[in-house]
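S.K.: Got a structure for you, written out below as structure tokens; questions coming shortly.
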Amino acid sequence: MKIGIFAPWHLREDNFGDKMIGHHIQRALSDHEIFLVSTGTIPQPHEIDQLNVCDLVLIGGTNLIHSRMDEKQQWVISLDALRRIQKPISLMGVGWRQYQDEVPNGFSAELLSGLLPVEADLMHSVRDNYTKLKLSEIGINSINTGCPTMWDLKETYSCPGIASRNNSVIFTVTDYKKSPDLDRSWIEKIRSYGKLYLYPQGLHDVQYVESLGISFNLLDRNIDSMDCLENSLYVGTRLHCGIHCLSKDIPSVILSVDNRAAEIGADTCLPVVPRDSRAPEKLSAMLADYSVRLNIPNEEIERWKQAQGIDAKPASIRI
């Protein structure tokens, strides 16, 4: 099967979270030929021609849909370009950009409704119940499969005694969601668990941590840079770095700064705590006896795969 994917991670280097999503999506589809189209530019005629000969076209992961898609274009697409794509387009683990009270505007509703014709024997996959609810407001059905980064996670993770061992503490911050006092507080807390290693997922994360006056070791900005560490532990505000670390059996706690981690955590029991004034004490309690039991929606994942005709067999892929 040839699968076309509108890929937020393709031809972009500004956020390695999208690279991590792409790593897991391409891993899930590794038995198939994949054609990637960037979501950062209007698809060119030759790209549309390629999409039109694909057996399946997907939008791969991340939080690129919202109520005003003509104003904040995380997916750069026009209605004209969409009409020239003669294949149905399914969402694959896509999320809503942020909490929004308003119903999607005319452009967004027309765009989202035009992806998957009612008569198409396919279905949309979203990564949390909030996104499912927002789509239902404009009459679009979907299934909550969780984020594709979580599809291969184990159901249970346990690491007793983590608070008393000498850890390599991987941490992240979010340069566009700064809160110096709160961030300094929880980072100083996790320093007590071992040596700090910053994973610079965003382009300006290093400068932000330096501005906090915190000393740290810097990891390379690639998907495997944490593999060289022993007794690793992850704490940070970057959702997909935390999930990626869990996939490597690294105990992880994610600090939520927006709807993404909060909603996925509520749906799947992913270890998430709000980044607020109580974050240090909540981290202390969670890491005193680290034990996690995830609620992965395996039945929904398999139902979505079967509807798309996908037989997924994981394999190692580097990006």
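Scheme for the structure tokens: letters A, B, ... for chains in order shown; per-chain residue numbers from 1; ligand numbers from 1 in order shown.
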Enumerate, in order of chain and increasing residue number, the residues of region 216-307 of chain A with an atom no farther than 12 Å from region 143-155 of chain A, each with its shortest atom pair and distance in Å to one decimal, counting only C-alpha atoms, as a tab-separated table.
M.R.:
```
residue	atom	partner	partner_atom	distance
A:Leu239	CA	A:Thr149	CA	10.2
A:His240	CA	A:Thr149	CA	7.4
A:Cys241	CA	A:Thr149	CA	9.8
A:Gly242	CA	A:Thr149	CA	10.2
A:Ile243	CA	A:Met150	CA	6.7
A:His244	CA	A:Thr149	CA	7.0
A:Cys245	CA	A:Leu153	CA	10.3
A:Leu246	CA	A:Leu153	CA	7.3
A:Ser247	CA	A:Leu153	CA	5.7
A:Lys248	CA	A:Leu153	CA	9.1
A:Asp249	CA	A:Lys154	CA	9.0
A:Ile250	CA	A:Leu153	CA	11.5
A:Arg260	CA	A:Cys147	CA	10.1
A:Ala261	CA	A:Cys147	CA	10.6
A:Glu263	CA	A:Gly146	CA	9.9
A:Ile264	CA	A:Gly146	CA	7.0
A:Gly265	CA	A:Gly146	CA	9.9
A:Ala266	CA	A:Gly146	CA	10.9
A:Asp267	CA	A:Gly146	CA	7.9
A:Thr268	CA	A:Gly146	CA	7.5
A:Cys269	CA	A:Glu155	CA	10.0
A:Leu270	CA	A:Met150	CA	9.5
A:Ser291	CA	A:Glu155	CA	10.8
A:Val292	CA	A:Glu155	CA	8.0
A:Arg293	CA	A:Glu155	CA	5.5
A:Leu294	CA	A:Glu155	CA	4.8
A:Asn295	CA	A:Glu155	CA	6.8
A:Ile296	CA	A:Glu155	CA	7.0
A:Pro297	CA	A:Thr145	CA	5.7
A:Asn298	CA	A:Thr145	CA	7.5
A:Glu299	CA	A:Thr145	CA	8.5
A:Glu300	CA	A:Thr145	CA	5.5
A:Ile301	CA	A:Thr145	CA	5.1
A:Glu302	CA	A:Thr145	CA	8.8
A:Arg303	CA	A:Ile143	CA	8.9
A:Trp304	CA	A:Ile143	CA	7.5
A:Lys305	CA	A:Thr145	CA	10.0
A:Ala307	CA	A:Ile143	CA	11.2
```
S.K.: Report the residues of region 154-277 of chain A whose backbone DSSP state falls under alpha helix (DSSP H), written as a count of residues only.
M.R.: 37
S.K.: When you count only C-alpha atoms, which of these residues is closest to Arg97 (chain A): A:Leu36, A:Val273, A:Val253, A:Met69?
M.R.: A:Met69
S.K.: Suppose you want the space between CA of Leu233 (chain A) and CA of Val169 (chain A); what is it in Å?
M.R.: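 Computing it gives 4.9 Å between the two atoms.
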S.K.: Determine, counting only C-alpha atoms, which protein, DNA and RNA residues have an atom within 12 Å of an atom of Leu51 (chain A); residues of the same chain fewer than 3 positions away are not included. Present the result as a list in words.
M.R.: Lys2, Ile3, Gly4, Ile5, Phe6, Ile34, Phe35, Leu36, Val37, Pro43, Gln44, Pro45, His46, Glu47, Ile48, Cys54, Asp55, Leu56, Val57, Leu58, Ile59, Ala81, Leu82, Arg84, Ile85, Gln86, Lys87, Pro88 and Ile89 of chain A
S.K.: Taking the backbone alone, and naming residues the way the document does, which bits of region 79-163 of chain A are strand (DSSP E or B) by DSSP, as an MDAnalysis selection string?
M.R.: chainID A and resid 89:92 94 96 124:126 142:144 156:159
S.K.: Can you work out which one of A:Glu230, A:Asp14, A:Glu71, A:Asp128 has the shortest atom-to-atom distance to Asn105 (chain A), counting only C-alpha atoms?
M.R.: A:Glu71
S.K.: I'd like the contact shell of Ser284 (chain A) - 10 Å cut-off, only C-alpha atoms, skipping same-chain residues fewer than 2 positions apart - returned as a PDB file with N, CA and C atoms, in the first residue's frame.
M.R.:
```pdb
ATOM      1  N   ALA A 163      13.727   7.659  43.689  1.00  0.00           N
ATOM      2  CA  ALA A 163      14.073   8.893  44.397  1.00  0.00           C
ATOM      3  C   ALA A 163      15.387   8.780  45.161  1.00  0.00           C
ATOM      4  N   TRP A 186      10.277  23.892  39.979  1.00  0.00           N
ATOM      5  CA  TRP A 186      10.281  22.436  39.789  1.00  0.00           C
ATOM      6  C   TRP A 186      11.627  21.928  39.287  1.00  0.00           C
ATOM      7  N   LYS A 189      13.732  21.404  42.198  1.00  0.00           N
ATOM      8  CA  LYS A 189      13.303  20.189  42.891  1.00  0.00           C
ATOM      9  C   LYS A 189      13.923  18.944  42.264  1.00  0.00           C
ATOM     10  N   ILE A 190      13.873  18.826  40.954  1.00  0.00           N
ATOM     11  CA  ILE A 190      14.372  17.595  40.326  1.00  0.00           C
ATOM     12  C   ILE A 190      15.892  17.519  40.362  1.00  0.00           C
ATOM     13  N   TYR A 193      17.377  14.813  42.434  1.00  0.00           N
ATOM     14  CA  TYR A 193      17.334  13.415  41.994  1.00  0.00           C
ATOM     15  C   TYR A 193      18.560  13.014  41.174  1.00  0.00           C
ATOM     16  N   ALA A 279       3.533  21.868  41.928  1.00  0.00           N
ATOM     17  CA  ALA A 279       4.227  20.879  41.112  1.00  0.00           C
ATOM     18  C   ALA A 279       5.388  20.199  41.840  1.00  0.00           C
ATOM     19  N   PRO A 280       6.247  20.932  42.572  1.00  0.00           N
ATOM     20  CA  PRO A 280       7.358  20.246  43.258  1.00  0.00           C
ATOM     21  C   PRO A 280       6.896  19.159  44.224  1.00  0.00           C
ATOM     22  N   GLU A 281       5.862  19.437  45.032  1.00  0.00           N
ATOM     23  CA  GLU A 281       5.409  18.424  45.987  1.00  0.00           C
ATOM     24  C   GLU A 281       4.704  17.273  45.280  1.00  0.00           C
ATOM     25  N   LYS A 282       4.009  17.546  44.186  1.00  0.00           N
ATOM     26  CA  LYS A 282       3.368  16.467  43.424  1.00  0.00           C
ATOM     27  C   LYS A 282       4.418  15.571  42.765  1.00  0.00           C
ATOM     28  N   MET A 286       4.928  11.565  43.417  1.00  0.00           N
ATOM     29  CA  MET A 286       4.861  10.619  42.303  1.00  0.00           C
ATOM     30  C   MET A 286       6.152   9.822  42.163  1.00  0.00           C
ATOM     31  N   LEU A 287       7.291  10.465  42.420  1.00  0.00           N
ATOM     32  CA  LEU A 287       8.572   9.798  42.240  1.00  0.00           C
ATOM     33  C   LEU A 287       9.013   9.007  43.472  1.00  0.00           C
ATOM     34  N   ALA A 288       8.303   9.173  44.579  1.00  0.00           N
ATOM     35  CA  ALA A 288       8.643   8.405  45.781  1.00  0.00           C
ATOM     36  C   ALA A 288       8.453   6.915  45.540  1.00  0.00           C
ATOM     37  N   ASP A 289       7.467   6.566  44.738  1.00  0.00           N
ATOM     38  CA  ASP A 289       7.208   5.165  44.394  1.00  0.00           C
ATOM     39  C   ASP A 289       6.602   5.145  42.998  1.00  0.00           C
ATOM     40  N   TYR A 290       7.463   5.256  41.987  1.00  0.00           N
ATOM     41  CA  TYR A 290       6.996   5.439  40.621  1.00  0.00           C
ATOM     42  C   TYR A 290       6.317   4.174  40.107  1.00  0.00           C
TER      43      TYR A 290
END
```
